[in-house]
>>> print(open('structure25.csv').read())   # CSV, C-alpha atoms (C1' of nucleotides)
chain,number,residue,atom,x,y,z
A,6,MET,CA,-25.1,-69.4,-34.0
A,7,ALA,CA,-22.8,-68.1,-31.4
A,8,ARG,CA,-20.6,-65.0,-31.5
A,9,ALA,CA,-17.8,-65.0,-34.0
A,10,ALA,CA,-14.5,-66.3,-32.7
A,11,THR,CA,-12.1,-63.9,-31.0
A,12,THR,CA,-9.6,-65.1,-33.6
A,13,SER,CA,-11.8,-64.2,-36.6
A,14,ASP,CA,-10.4,-60.7,-36.9
A,15,ALA,CA,-8.9,-57.7,-35.1
A,16,PHE,CA,-12.3,-56.3,-34.2
A,17,ASN,CA,-13.2,-59.4,-32.2
A,18,ALA,CA,-9.7,-59.7,-30.7
A,19,VAL,CA,-9.6,-56.2,-29.3
A,20,ALA,CA,-13.1,-56.4,-27.9
A,21,GLU,CA,-11.6,-57.9,-24.8
A,22,PRO,CA,-10.2,-55.1,-22.6
A,23,ARG,CA,-7.3,-57.1,-21.2
A,24,ARG,CA,-6.1,-57.7,-24.7
A,25,ARG,CA,-6.2,-54.0,-25.4
A,26,ASP,CA,-4.2,-53.5,-22.1
A,27,ILE,CA,-1.6,-56.0,-23.4
A,28,LEU,CA,-1.4,-54.2,-26.7
A,29,ASN,CA,-1.0,-50.8,-25.0
A,30,TYR,CA,1.8,-52.2,-22.9
A,31,LEU,CA,3.5,-53.8,-25.9
A,32,ALA,CA,3.2,-50.5,-27.8
A,33,MET,CA,6.1,-49.2,-25.8
A,34,GLN,CA,8.4,-52.0,-26.5
A,35,GLU,CA,8.9,-55.8,-27.0
A,36,ARG,CA,8.3,-57.7,-23.8
A,37,SER,CA,8.5,-61.3,-22.5
A,38,VAL,CA,5.5,-63.1,-21.2
A,39,SER,CA,6.6,-62.8,-17.6
A,40,GLU,CA,7.1,-59.0,-18.0
A,41,ILE,CA,3.5,-58.8,-19.3
A,42,VAL,CA,2.3,-61.0,-16.4
A,43,ASP,CA,3.9,-58.7,-13.9
A,44,ALA,CA,2.8,-55.5,-15.5
A,45,MET,CA,-0.8,-56.6,-16.1
A,46,GLU,CA,-1.2,-58.4,-12.8
A,47,MET,CA,-2.8,-61.4,-14.5
A,48,GLU,CA,-2.2,-65.1,-14.2
A,49,GLN,CA,0.4,-66.4,-16.6
A,50,PRO,CA,-1.9,-68.9,-18.4
A,51,SER,CA,-4.4,-66.0,-19.0
A,52,VAL,CA,-1.7,-63.9,-20.6
A,53,SER,CA,-0.5,-66.8,-22.8
A,54,LYS,CA,-4.1,-67.4,-23.9
A,55,HIS,CA,-4.6,-63.7,-24.7
A,56,LEU,CA,-1.4,-63.6,-26.6
A,57,LYS,CA,-2.4,-66.6,-28.6
A,58,VAL,CA,-5.6,-64.8,-29.7
A,59,LEU,CA,-3.7,-61.7,-30.6
A,60,GLN,CA,-1.2,-63.7,-32.5
A,61,GLY,CA,-4.0,-65.5,-34.3
A,62,VAL,CA,-5.2,-62.2,-35.9
A,63,GLY,CA,-1.7,-60.9,-36.5
A,64,LEU,CA,-1.8,-58.2,-33.8
A,65,VAL,CA,1.4,-59.4,-32.2
A,66,GLU,CA,4.5,-61.2,-33.3
A,67,VAL,CA,6.8,-63.5,-31.3
A,68,ARG,CA,10.3,-64.6,-31.3
A,69,ARG,CA,12.1,-66.9,-28.9
A,70,GLU,CA,15.1,-65.8,-27.0
A,71,GLY,CA,16.4,-68.6,-24.8
A,72,ARG,CA,13.6,-69.6,-22.5
A,73,GLN,CA,11.7,-66.5,-23.1
A,74,MET,CA,9.2,-65.6,-25.8
A,75,LEU,CA,9.3,-62.0,-26.7
A,76,TYR,CA,6.2,-60.4,-28.0
A,77,LYS,CA,5.8,-57.2,-29.9
A,78,VAL,CA,2.9,-55.3,-31.5
A,79,ASN,CA,2.3,-55.6,-35.2
A,80,ALA,CA,0.7,-52.2,-35.5
A,81,ILE,CA,-0.4,-52.5,-39.1
A,82,ALA,CA,-3.0,-55.0,-38.0
A,83,ILE,CA,-4.8,-52.3,-36.1
A,84,ARG,CA,-5.2,-50.1,-39.2
A,85,PRO,CA,-8.4,-51.7,-40.4
A,86,LEU,CA,-10.0,-50.7,-37.2
A,87,HIS,CA,-8.7,-47.2,-37.4
A,88,GLU,CA,-9.8,-46.8,-41.0
A,89,TRP,CA,-13.3,-48.1,-40.3
A,90,ALA,CA,-13.7,-45.7,-37.4
A,91,SER,CA,-12.4,-42.9,-39.6
A,92,THR,CA,-15.3,-43.2,-41.9
A,93,PHE,CA,-17.4,-41.7,-39.1
A,94,GLU,CA,-15.0,-38.9,-38.3
A,95,ARG,CA,-16.8,-36.4,-40.5
A,96,LEU,CA,-20.0,-37.2,-38.7
A,97,TRP,CA,-18.8,-36.7,-35.2
A,98,LYS,CA,-17.0,-33.5,-36.0
A,99,HIS,CA,-20.2,-32.2,-37.4
A,100,GLN,CA,-22.0,-33.3,-34.3
A,101,LEU,CA,-19.4,-31.6,-32.0
A,102,LEU,CA,-19.6,-28.4,-34.0
A,103,ARG,CA,-23.4,-28.3,-33.5
A,104,ILE,CA,-22.9,-29.0,-29.8
A,105,LYS,CA,-20.5,-26.1,-29.6
A,106,GLU,CA,-22.8,-23.8,-31.5
A,107,ARG,CA,-25.6,-24.5,-29.1
A,108,ALA,CA,-23.4,-23.9,-26.1
A,109,GLU,CA,-22.4,-20.5,-27.5
A,110,ALA,CA,-25.9,-19.6,-28.3
A,111,ASN,CA,-26.8,-20.4,-24.7
A,112,ALA,CA,-23.9,-18.4,-23.3
A,113,ALA,CA,-24.8,-15.3,-25.3
A,114,PRO,CA,-28.6,-15.5,-25.8
A,115,LYS,CA,-30.2,-13.0,-28.2
A,116,GLN,CA,-31.3,-9.8,-26.4
B,248,MET,CA,-16.2,-66.2,-17.0
B,249,ALA,CA,-17.5,-65.8,-20.5
B,250,ARG,CA,-16.8,-63.1,-22.9
B,251,ALA,CA,-18.0,-59.6,-22.0
B,252,ALA,CA,-21.5,-58.6,-23.1
B,253,THR,CA,-21.8,-57.1,-26.5
B,254,THR,CA,-23.6,-54.2,-24.6
B,255,SER,CA,-20.6,-53.6,-22.4
B,256,ASP,CA,-19.0,-51.1,-24.7
B,257,ALA,CA,-18.6,-49.9,-28.3
B,258,PHE,CA,-15.6,-52.3,-28.8
B,259,ASN,CA,-17.7,-55.3,-28.1
B,260,ALA,CA,-20.7,-54.0,-30.0
B,261,VAL,CA,-18.8,-53.5,-33.3
B,262,ALA,CA,-17.0,-56.8,-33.1
B,263,GLU,CA,-20.0,-58.3,-34.9
B,264,PRO,CA,-19.7,-57.6,-38.6
B,265,ARG,CA,-23.4,-57.3,-39.2
B,266,ARG,CA,-23.5,-54.5,-36.7
B,267,ARG,CA,-20.7,-52.6,-38.5
B,268,ASP,CA,-22.7,-53.1,-41.7
B,269,ILE,CA,-25.7,-51.5,-40.1
B,270,LEU,CA,-23.7,-48.6,-38.8
B,271,ASN,CA,-22.1,-48.1,-42.3
B,272,TYR,CA,-25.6,-48.0,-43.8
B,273,LEU,CA,-26.9,-45.6,-41.2
B,274,ALA,CA,-23.9,-43.4,-41.7
B,275,MET,CA,-25.5,-42.1,-44.9
B,276,GLN,CA,-28.8,-41.2,-43.3
B,277,GLU,CA,-31.4,-42.0,-40.8
B,278,ARG,CA,-33.4,-45.2,-41.7
B,279,SER,CA,-36.3,-47.2,-40.6
B,280,VAL,CA,-36.0,-50.8,-39.4
B,281,SER,CA,-37.6,-52.1,-42.6
B,282,GLU,CA,-35.2,-50.1,-44.8
B,283,ILE,CA,-32.3,-51.7,-42.9
B,284,VAL,CA,-33.9,-55.1,-43.2
B,285,ASP,CA,-34.2,-54.6,-47.0
B,286,ALA,CA,-30.7,-53.2,-47.4
B,287,MET,CA,-28.9,-55.7,-45.2
B,288,GLU,CA,-30.9,-58.7,-46.4
B,289,MET,CA,-31.4,-59.9,-42.8
B,290,GLU,CA,-34.4,-61.1,-40.9
B,291,GLN,CA,-36.3,-58.3,-39.2
B,292,PRO,CA,-35.9,-59.8,-35.7
B,293,SER,CA,-32.1,-60.0,-36.2
B,294,VAL,CA,-32.0,-56.4,-37.2
B,295,SER,CA,-34.1,-55.3,-34.2
B,296,LYS,CA,-31.8,-57.3,-31.9
B,297,HIS,CA,-28.6,-55.8,-33.4
B,298,LEU,CA,-30.1,-52.3,-33.2
B,299,LYS,CA,-30.9,-52.9,-29.5
B,300,VAL,CA,-27.2,-53.8,-28.9
B,301,LEU,CA,-26.1,-50.7,-30.8
B,302,GLN,CA,-28.5,-48.6,-28.8
B,303,GLY,CA,-27.3,-50.1,-25.6
B,304,VAL,CA,-23.8,-48.7,-26.1
B,305,GLY,CA,-25.1,-45.4,-27.5
B,306,LEU,CA,-23.9,-46.1,-31.1
B,307,VAL,CA,-27.4,-45.4,-32.5
B,308,GLU,CA,-30.3,-43.2,-31.5
B,309,VAL,CA,-34.0,-43.8,-32.2
B,310,ARG,CA,-37.1,-41.8,-32.7
B,311,ARG,CA,-40.6,-42.9,-33.5
B,312,GLU,CA,-42.5,-41.6,-36.5
B,313,GLY,CA,-45.9,-43.2,-36.7
B,314,ARG,CA,-45.5,-46.9,-37.0
B,315,GLN,CA,-41.8,-46.6,-37.9
B,316,MET,CA,-38.7,-46.4,-35.7
B,317,LEU,CA,-36.1,-44.3,-37.3
B,318,TYR,CA,-32.5,-45.1,-36.3
B,319,LYS,CA,-29.4,-42.9,-36.9
B,320,VAL,CA,-25.8,-43.2,-36.0
B,321,ASN,CA,-24.4,-41.4,-32.9
B,322,ALA,CA,-20.9,-41.0,-34.4
B,323,ILE,CA,-19.4,-39.6,-31.2
B,324,ALA,CA,-19.7,-43.1,-29.6
B,325,ILE,CA,-17.2,-44.4,-32.2
B,326,ARG,CA,-14.6,-42.0,-31.2
B,327,PRO,CA,-13.1,-44.0,-28.3
B,328,LEU,CA,-12.4,-46.8,-30.8
B,329,HIS,CA,-10.8,-44.3,-33.2
B,330,GLU,CA,-8.7,-42.7,-30.5
B,331,TRP,CA,-7.5,-46.1,-29.1
B,332,ALA,CA,-6.4,-47.2,-32.6
B,333,SER,CA,-4.8,-43.8,-33.1
B,334,THR,CA,-2.3,-44.5,-30.4
B,335,PHE,CA,-0.7,-47.0,-32.7
B,336,GLU,CA,-0.6,-44.8,-35.7
B,337,ARG,CA,3.0,-43.7,-35.1
B,338,LEU,CA,4.0,-47.3,-34.9
B,339,TRP,CA,2.4,-48.5,-38.2
B,340,LYS,CA,3.6,-45.5,-40.1
B,341,HIS,CA,7.1,-46.3,-38.9
B,342,GLN,CA,6.6,-49.9,-40.0
B,343,LEU,CA,5.4,-48.8,-43.4
B,344,LEU,CA,8.3,-46.5,-43.8
B,345,ARG,CA,10.7,-49.3,-43.2
B,346,ILE,CA,8.9,-51.6,-45.6
B,347,LYS,CA,9.1,-48.9,-48.3
B,348,GLU,CA,12.8,-48.3,-47.6
B,349,ARG,CA,13.5,-52.0,-48.0
B,350,ALA,CA,11.6,-52.1,-51.3
B,351,GLU,CA,13.6,-49.2,-52.6
B,352,ALA,CA,16.9,-50.8,-51.5
B,353,ASN,CA,15.9,-53.9,-53.4
B,354,ALA,CA,14.8,-52.0,-56.5
B,355,ALA,CA,18.2,-50.2,-56.7
B,356,PRO,CA,20.8,-52.4,-55.1
B,357,LYS,CA,24.2,-51.1,-54.4
B,358,GLN,CA,26.7,-51.5,-57.2
C,230,DT,C1',-63.6,-52.5,-33.1
C,231,DT,C1',-61.0,-54.9,-36.4
C,232,DG,C1',-57.4,-55.6,-39.5
C,233,DA,C1',-53.0,-54.5,-41.4
C,234,DC,C1',-48.5,-52.9,-40.9
C,235,DA,C1',-44.0,-52.1,-38.3
C,236,DT,C1',-41.1,-53.4,-34.8
C,237,DA,C1',-39.8,-55.8,-30.5
C,238,DT,C1',-39.5,-59.7,-27.5
C,239,DT,C1',-39.3,-64.5,-26.1
C,240,DC,C1',-37.8,-69.2,-26.5
C,241,DC,C1',-34.6,-72.4,-28.1
C,242,DT,C1',-30.0,-74.2,-29.3
C,243,DA,C1',-25.3,-74.6,-30.9
C,244,DT,C1',-21.1,-72.5,-30.0
C,245,DA,C1',-17.4,-69.7,-28.2
C,246,DT,C1',-15.6,-67.9,-24.7
C,247,DG,C1',-12.3,-66.3,-20.1
C,248,DG,C1',-10.7,-67.6,-15.8
C,249,DG,C1',-8.9,-71.0,-12.5
C,250,DA,C1',-6.4,-75.2,-11.6
C,251,DA,C1',-3.5,-78.6,-13.1
C,252,DT,C1',-0.3,-80.2,-16.2
C,253,DA,C1',2.7,-80.4,-20.3
C,254,DT,C1',6.5,-78.7,-23.1
C,255,DA,C1',10.8,-76.3,-24.0
C,256,DT,C1',15.2,-74.5,-22.7
C,257,DT,C1',19.0,-73.7,-19.8
C,258,DA,C1',21.9,-74.6,-15.7
C,259,DA,C1',24.2,-77.7,-12.5
D,6,DT,C1',20.6,-86.7,-16.1
D,7,DT,C1',18.2,-83.7,-13.0
D,8,DA,C1',16.4,-79.5,-11.4
D,9,DA,C1',14.8,-75.0,-12.3
D,10,DT,C1',12.8,-71.5,-15.1
D,11,DA,C1',9.6,-69.8,-18.8
D,12,DT,C1',5.7,-70.5,-21.4
D,13,DA,C1',1.9,-73.1,-23.4
D,14,DT,C1',-2.0,-76.3,-23.2
D,15,DT,C1',-5.8,-78.9,-21.4
D,16,DC,C1',-9.9,-79.5,-18.6
D,17,DC,C1',-13.9,-77.6,-16.5
D,18,DC,C1',-17.7,-74.4,-16.0
D,19,DA,C1',-20.6,-70.3,-15.9
D,20,DT,C1',-22.0,-67.1,-19.2
D,21,DA,C1',-23.2,-64.7,-23.4
D,22,DT,C1',-24.3,-64.9,-27.6
D,23,DA,C1',-26.6,-64.9,-32.9
D,24,DG,C1',-30.0,-66.8,-35.6
D,25,DG,C1',-34.5,-69.1,-36.5
D,26,DA,C1',-39.3,-69.5,-35.3
D,27,DA,C1',-43.1,-68.0,-33.0
D,28,DT,C1',-45.4,-64.5,-30.8
D,29,DA,C1',-46.2,-60.0,-28.6
D,30,DT,C1',-46.7,-55.0,-28.8
D,31,DG,C1',-47.7,-50.6,-30.7
D,32,DT,C1',-49.8,-47.7,-34.2
D,33,DC,C1',-52.6,-46.4,-37.9
D,34,DA,C1',-56.6,-47.0,-41.2
D,35,DA,C1',-61.3,-48.3,-42.2
>>> encode(input="structure25.csv", output="structure tokens")
Amino acid sequence: MARAATTSDAFNAVAEPRRRDILNYLAMQERSVSEIVDAMEMEQPSVSKHLKVLQGVGLVEVRREGRQMLYKVNAIAIRPLHEWASTFERLWKHQLLRIKERAEANAAPKQ
Amino acid sequence: MARAATTSDAFNAVAEPRRRDILNYLAMQERSVSEIVDAMEMEQPSVSKHLKVLQGVGLVEVRREGRQMLYKVNAIAIRPLHEWASTFERLWKHQLLRIKERAEANAAPKQ
DNA sequence: TTGACATATTCCTATATGGGAATATATTAA
DNA sequence: TTAATATATTCCCATATAGGAATATGTCAA
């Protein structure tokens, strides 16, 4: 079996850094494909393909306006990712606390 | 060019659902490979391979104890994912608020 | 040393890319 | 209609899987 399709879920879709770049860019506001092409400095076909993947998992929405297609983020689709990561938040906070404690113990060693 | 390696970063590593399962399981406590095999109901070689990927991006740490290899989560490595997703939190909260407002407007339509 | 147990690695294969190049489609303007 | 603009799709290819099967490696017990 190969890797799961990039369109299988948000996790697979955002594994590609260029797609995260596009989402970051769209977070500011709705944009046309050519605006994305210019901003990302990618080939137009690449952008269209990435947008299709993002649309496939519901991470972006589109509407036509004349000849242009305007894409915007559907932020709710990013939530599952955030929530999954959140389940580890308690663990890393604990980890950071211990790191901090060690640093302080080293800064002021027992006499 | 093919997709980026699963070992290129945490985003690619956790795109695979079985690896998220393993991380979820390890979140509770350190576990040996065979404990993971039993809990996940996966073949041992598969588990070892997934663990290698997770280790490659620093998502898990290992130590040997006799014949066993004990794996645990390195939660800090999940933080970049959480922080990236967090940048969209404002957007989806806004989205949810509008959804709620619409629902309320429908429930109590103007007379 | 030998055997048993725990884990890792290798080999194989079907599948899914992501980018580049070329082309198709859709929409508006002349 | 024809041309121009905006975007999407197709084709090709090198690459990276993930799982199954078989095997190798490492460690402990007798």
>>> atom_distance(input="structure25.csv", atom1="CA of Met316 in chain B", atom2="CA of Val304 in chain B")
17.9 Å
>>> residues_around(input="structure25.csv", residues="Arg36 in chain A", least_positions_apart="4", cutoff="9 Å", atoms="all atoms listed in the file", output="ChimeraX atom specification")
/A:30-31,40-41,74-77
>>> closest_atom_pairs(input="structure25.csv", of="chain B", to="chain D", cutoff="7 Å", atoms="all atoms listed in the file", output="tab-separated table")
residue	atom	partner	partner_atom	distance
B:Met248	CA	D:DA19	C1'	6.1
B:Ala249	CA	D:DT20	C1'	4.9
B:Arg250	CA	D:DA21	C1'	6.6
B:Ala252	CA	D:DA21	C1'	6.3
B:Gly313	CA	D:DT32	C1'	6.5
B:Arg314	CA	D:DT32	C1'	5.2
>>> interface_residues(input="structure25.csv", of="chain C", to="chain B", cutoff="9 Å", atoms="all atoms listed in the file", output="count of residues only")
9
>>> atom_distance(input="structure25.csv", atom1="CA of Asp26 in chain A", atom2="CA of Ser91 in chain A")
22.0 Å
>>> interface_residues(input="structure25.csv", of="chain A", to="chain B", cutoff="10 Å", atoms="all atoms listed in the file", output="PyMOL selection string")
chain A and resi 8-11+13-22+25+28-29+32-33+78-101
>>> write_last_selection(input="structure25.csv", atoms="C-alpha atoms", output="PDB file, keeping the file's coordinate frame")
ATOM      1  CA  ARG A   8     -20.600 -65.000 -31.500  1.00  0.00           C
ATOM      2  CA  ALA A   9     -17.800 -65.000 -34.000  1.00  0.00           C
ATOM      3  CA  ALA A  10     -14.500 -66.300 -32.700  1.00  0.00           C
ATOM      4  CA  THR A  11     -12.100 -63.900 -31.000  1.00  0.00           C
ATOM      5  CA  SER A  13     -11.800 -64.200 -36.600  1.00  0.00           C
ATOM      6  CA  ASP A  14     -10.400 -60.700 -36.900  1.00  0.00           C
ATOM      7  CA  ALA A  15      -8.900 -57.700 -35.100  1.00  0.00           C
ATOM      8  CA  PHE A  16     -12.300 -56.300 -34.200  1.00  0.00           C
ATOM      9  CA  ASN A  17     -13.200 -59.400 -32.200  1.00  0.00           C
ATOM     10  CA  ALA A  18      -9.700 -59.700 -30.700  1.00  0.00           C
ATOM     11  CA  VAL A  19      -9.600 -56.200 -29.300  1.00  0.00           C
ATOM     12  CA  ALA A  20     -13.100 -56.400 -27.900  1.00  0.00           C
ATOM     13  CA  GLU A  21     -11.600 -57.900 -24.800  1.00  0.00           C
ATOM     14  CA  PRO A  22     -10.200 -55.100 -22.600  1.00  0.00           C
ATOM     15  CA  ARG A  25      -6.200 -54.000 -25.400  1.00  0.00           C
ATOM     16  CA  LEU A  28      -1.400 -54.200 -26.700  1.00  0.00           C
ATOM     17  CA  ASN A  29      -1.000 -50.800 -25.000  1.00  0.00           C
ATOM     18  CA  ALA A  32       3.200 -50.500 -27.800  1.00  0.00           C
ATOM     19  CA  MET A  33       6.100 -49.200 -25.800  1.00  0.00           C
ATOM     20  CA  VAL A  78       2.900 -55.300 -31.500  1.00  0.00           C
ATOM     21  CA  ASN A  79       2.300 -55.600 -35.200  1.00  0.00           C
ATOM     22  CA  ALA A  80       0.700 -52.200 -35.500  1.00  0.00           C
ATOM     23  CA  ILE A  81      -0.400 -52.500 -39.100  1.00  0.00           C
ATOM     24  CA  ALA A  82      -3.000 -55.000 -38.000  1.00  0.00           C
ATOM     25  CA  ILE A  83      -4.800 -52.300 -36.100  1.00  0.00           C
ATOM     26  CA  ARG A  84      -5.200 -50.100 -39.200  1.00  0.00           C
ATOM     27  CA  PRO A  85      -8.400 -51.700 -40.400  1.00  0.00           C
ATOM     28  CA  LEU A  86     -10.000 -50.700 -37.200  1.00  0.00           C
ATOM     29  CA  HIS A  87      -8.700 -47.200 -37.400  1.00  0.00           C
ATOM     30  CA  GLU A  88      -9.800 -46.800 -41.000  1.00  0.00           C
ATOM     31  CA  TRP A  89     -13.300 -48.100 -40.300  1.00  0.00           C
ATOM     32  CA  ALA A  90     -13.700 -45.700 -37.400  1.00  0.00           C
ATOM     33  CA  SER A  91     -12.400 -42.900 -39.600  1.00  0.00           C
ATOM     34  CA  THR A  92     -15.300 -43.200 -41.900  1.00  0.00           C
ATOM     35  CA  PHE A  93     -17.400 -41.700 -39.100  1.00  0.00           C
ATOM     36  CA  GLU A  94     -15.000 -38.900 -38.300  1.00  0.00           C
ATOM     37  CA  ARG A  95     -16.800 -36.400 -40.500  1.00  0.00           C
ATOM     38  CA  LEU A  96     -20.000 -37.200 -38.700  1.00  0.00           C
ATOM     39  CA  TRP A  97     -18.800 -36.700 -35.200  1.00  0.00           C
ATOM     40  CA  LYS A  98     -17.000 -33.500 -36.000  1.00  0.00           C
ATOM     41  CA  HIS A  99     -20.200 -32.200 -37.400  1.00  0.00           C
ATOM     42  CA  GLN A 100     -22.000 -33.300 -34.300  1.00  0.00           C
ATOM     43  CA  LEU A 101     -19.400 -31.600 -32.000  1.00  0.00           C
TER      44      LEU A 101
END
>>> atom_distance(input="structure25.csv", atom1="C1' of DA253 in chain C", atom2="CA of Leu56 in chain A")
18.4 Å
>>> decode(input="structure25.csv", residues="range 16-44 of chain A", atoms="N, CA and C atoms", output="mmCIF file, in the first residue's frame")
data_model
loop_
_atom_site.group_PDB
_atom_site.id
_atom_site.type_symbol
_atom_site.label_atom_id
_atom_site.label_comp_id
_atom_site.auth_asym_id
_atom_site.auth_seq_id
_atom_site.Cartn_x
_atom_site.Cartn_y
_atom_site.Cartn_z
ATOM 1 N N PHE A 16 -5.021 16.447 7.540
ATOM 2 C CA PHE A 16 -3.659 16.106 7.950
ATOM 3 C C PHE A 16 -2.766 15.855 6.745
ATOM 4 N N ASN A 17 -3.281 15.069 5.800
ATOM 5 C CA ASN A 17 -2.489 14.786 4.606
ATOM 6 C C ASN A 17 -2.363 16.014 3.711
ATOM 7 N N ALA A 18 -3.408 16.794 3.635
ATOM 8 C CA ALA A 18 -3.376 17.961 2.763
ATOM 9 C C ALA A 18 -2.334 18.985 3.222
ATOM 10 N N VAL A 19 -2.237 19.215 4.518
ATOM 11 C CA VAL A 19 -1.311 20.241 5.002
ATOM 12 C C VAL A 19 0.097 19.716 5.228
ATOM 13 N N ALA A 20 0.321 18.452 4.894
ATOM 14 C CA ALA A 20 1.680 17.917 5.008
ATOM 15 C C ALA A 20 2.590 18.607 3.994
ATOM 16 N N GLU A 21 2.004 19.046 2.907
ATOM 17 C CA GLU A 21 2.772 19.734 1.877
ATOM 18 C C GLU A 21 2.979 21.200 2.260
ATOM 19 N N PRO A 22 4.225 21.636 2.386
ATOM 20 C CA PRO A 22 4.521 22.997 2.856
ATOM 21 C C PRO A 22 3.947 24.093 1.966
ATOM 22 N N ARG A 23 3.903 23.856 0.652
ATOM 23 C CA ARG A 23 3.378 24.890 -0.233
ATOM 24 C C ARG A 23 1.896 25.097 0.020
ATOM 25 N N ARG A 24 1.222 24.020 0.400
ATOM 26 C CA ARG A 24 -0.203 24.170 0.683
ATOM 27 C C ARG A 24 -0.408 24.951 1.979
ATOM 28 N N ARG A 25 0.488 24.767 2.936
ATOM 29 C CA ARG A 25 0.395 25.581 4.158
ATOM 30 C C ARG A 25 0.672 27.040 3.820
ATOM 31 N N ASP A 26 1.630 27.263 2.937
ATOM 32 C CA ASP A 26 1.928 28.627 2.504
ATOM 33 C C ASP A 26 0.676 29.279 1.925
ATOM 34 N N ILE A 27 0.014 28.539 1.065
ATOM 35 C CA ILE A 27 -1.197 29.068 0.424
ATOM 36 C C ILE A 27 -2.264 29.374 1.473
ATOM 37 N N LEU A 28 -2.435 28.466 2.424
ATOM 38 C CA LEU A 28 -3.430 28.699 3.472
ATOM 39 C C LEU A 28 -3.065 29.918 4.307
ATOM 40 N N ASN A 29 -1.791 30.062 4.610
ATOM 41 C CA ASN A 29 -1.345 31.229 5.365
ATOM 42 C C ASN A 29 -1.691 32.515 4.617
ATOM 43 N N TYR A 30 -1.439 32.470 3.319
ATOM 44 C CA TYR A 30 -1.701 33.642 2.501
ATOM 45 C C TYR A 30 -3.196 33.957 2.444
ATOM 46 N N LEU A 31 -3.992 32.912 2.289
ATOM 47 C CA LEU A 31 -5.443 33.097 2.214
ATOM 48 C C LEU A 31 -6.054 33.472 3.563
ATOM 49 N N ALA A 32 -5.301 33.257 4.619
ATOM 50 C CA ALA A 32 -5.832 33.585 5.953
ATOM 51 C C ALA A 32 -6.112 35.074 6.061
ATOM 52 N N MET A 33 -5.329 35.857 5.330
ATOM 53 C CA MET A 33 -5.506 37.306 5.387
ATOM 54 C C MET A 33 -6.793 37.735 4.708
ATOM 55 N N GLN A 34 -6.996 37.199 3.518
ATOM 56 C CA GLN A 34 -8.221 37.523 2.799
ATOM 57 C C GLN A 34 -8.396 36.654 1.568
ATOM 58 N N GLU A 35 -9.576 36.666 1.041
ATOM 59 C CA GLU A 35 -9.916 35.956 -0.195
ATOM 60 C C GLU A 35 -9.003 36.428 -1.322
ATOM 61 N N ARG A 36 -8.582 35.489 -2.188
ATOM 62 C CA ARG A 36 -7.650 35.839 -3.258
ATOM 63 C C ARG A 36 -7.956 35.070 -4.530
ATOM 64 N N SER A 37 -7.609 35.660 -5.648
ATOM 65 C CA SER A 37 -7.746 34.963 -6.923
ATOM 66 C C SER A 37 -6.523 34.075 -7.137
ATOM 67 N N VAL A 38 -6.636 33.156 -8.068
ATOM 68 C CA VAL A 38 -5.532 32.243 -8.361
ATOM 69 C C VAL A 38 -4.287 33.014 -8.770
ATOM 70 N N SER A 39 -4.469 34.008 -9.604
ATOM 71 C CA SER A 39 -3.279 34.721 -10.086
ATOM 72 C C SER A 39 -2.617 35.534 -8.975
ATOM 73 N N GLU A 40 -3.417 36.004 -8.025
ATOM 74 C CA GLU A 40 -2.803 36.671 -6.868
ATOM 75 C C GLU A 40 -1.949 35.684 -6.086
ATOM 76 N N ILE A 41 -2.461 34.471 -5.933
ATOM 77 C CA ILE A 41 -1.714 33.433 -5.226
ATOM 78 C C ILE A 41 -0.445 33.092 -5.984
ATOM 79 N N VAL A 42 -0.584 32.968 -7.301
ATOM 80 C CA VAL A 42 0.578 32.656 -8.134
ATOM 81 C C VAL A 42 1.669 33.702 -7.941
ATOM 82 N N ASP A 43 1.266 34.965 -7.987
ATOM 83 C CA ASP A 43 2.246 36.042 -7.824
ATOM 84 C C ASP A 43 2.883 36.023 -6.445
ATOM 85 N N ALA A 44 2.049 35.873 -5.424
ATOM 86 C CA ALA A 44 2.554 35.939 -4.053
ATOM 87 C C ALA A 44 3.446 34.745 -3.713
#
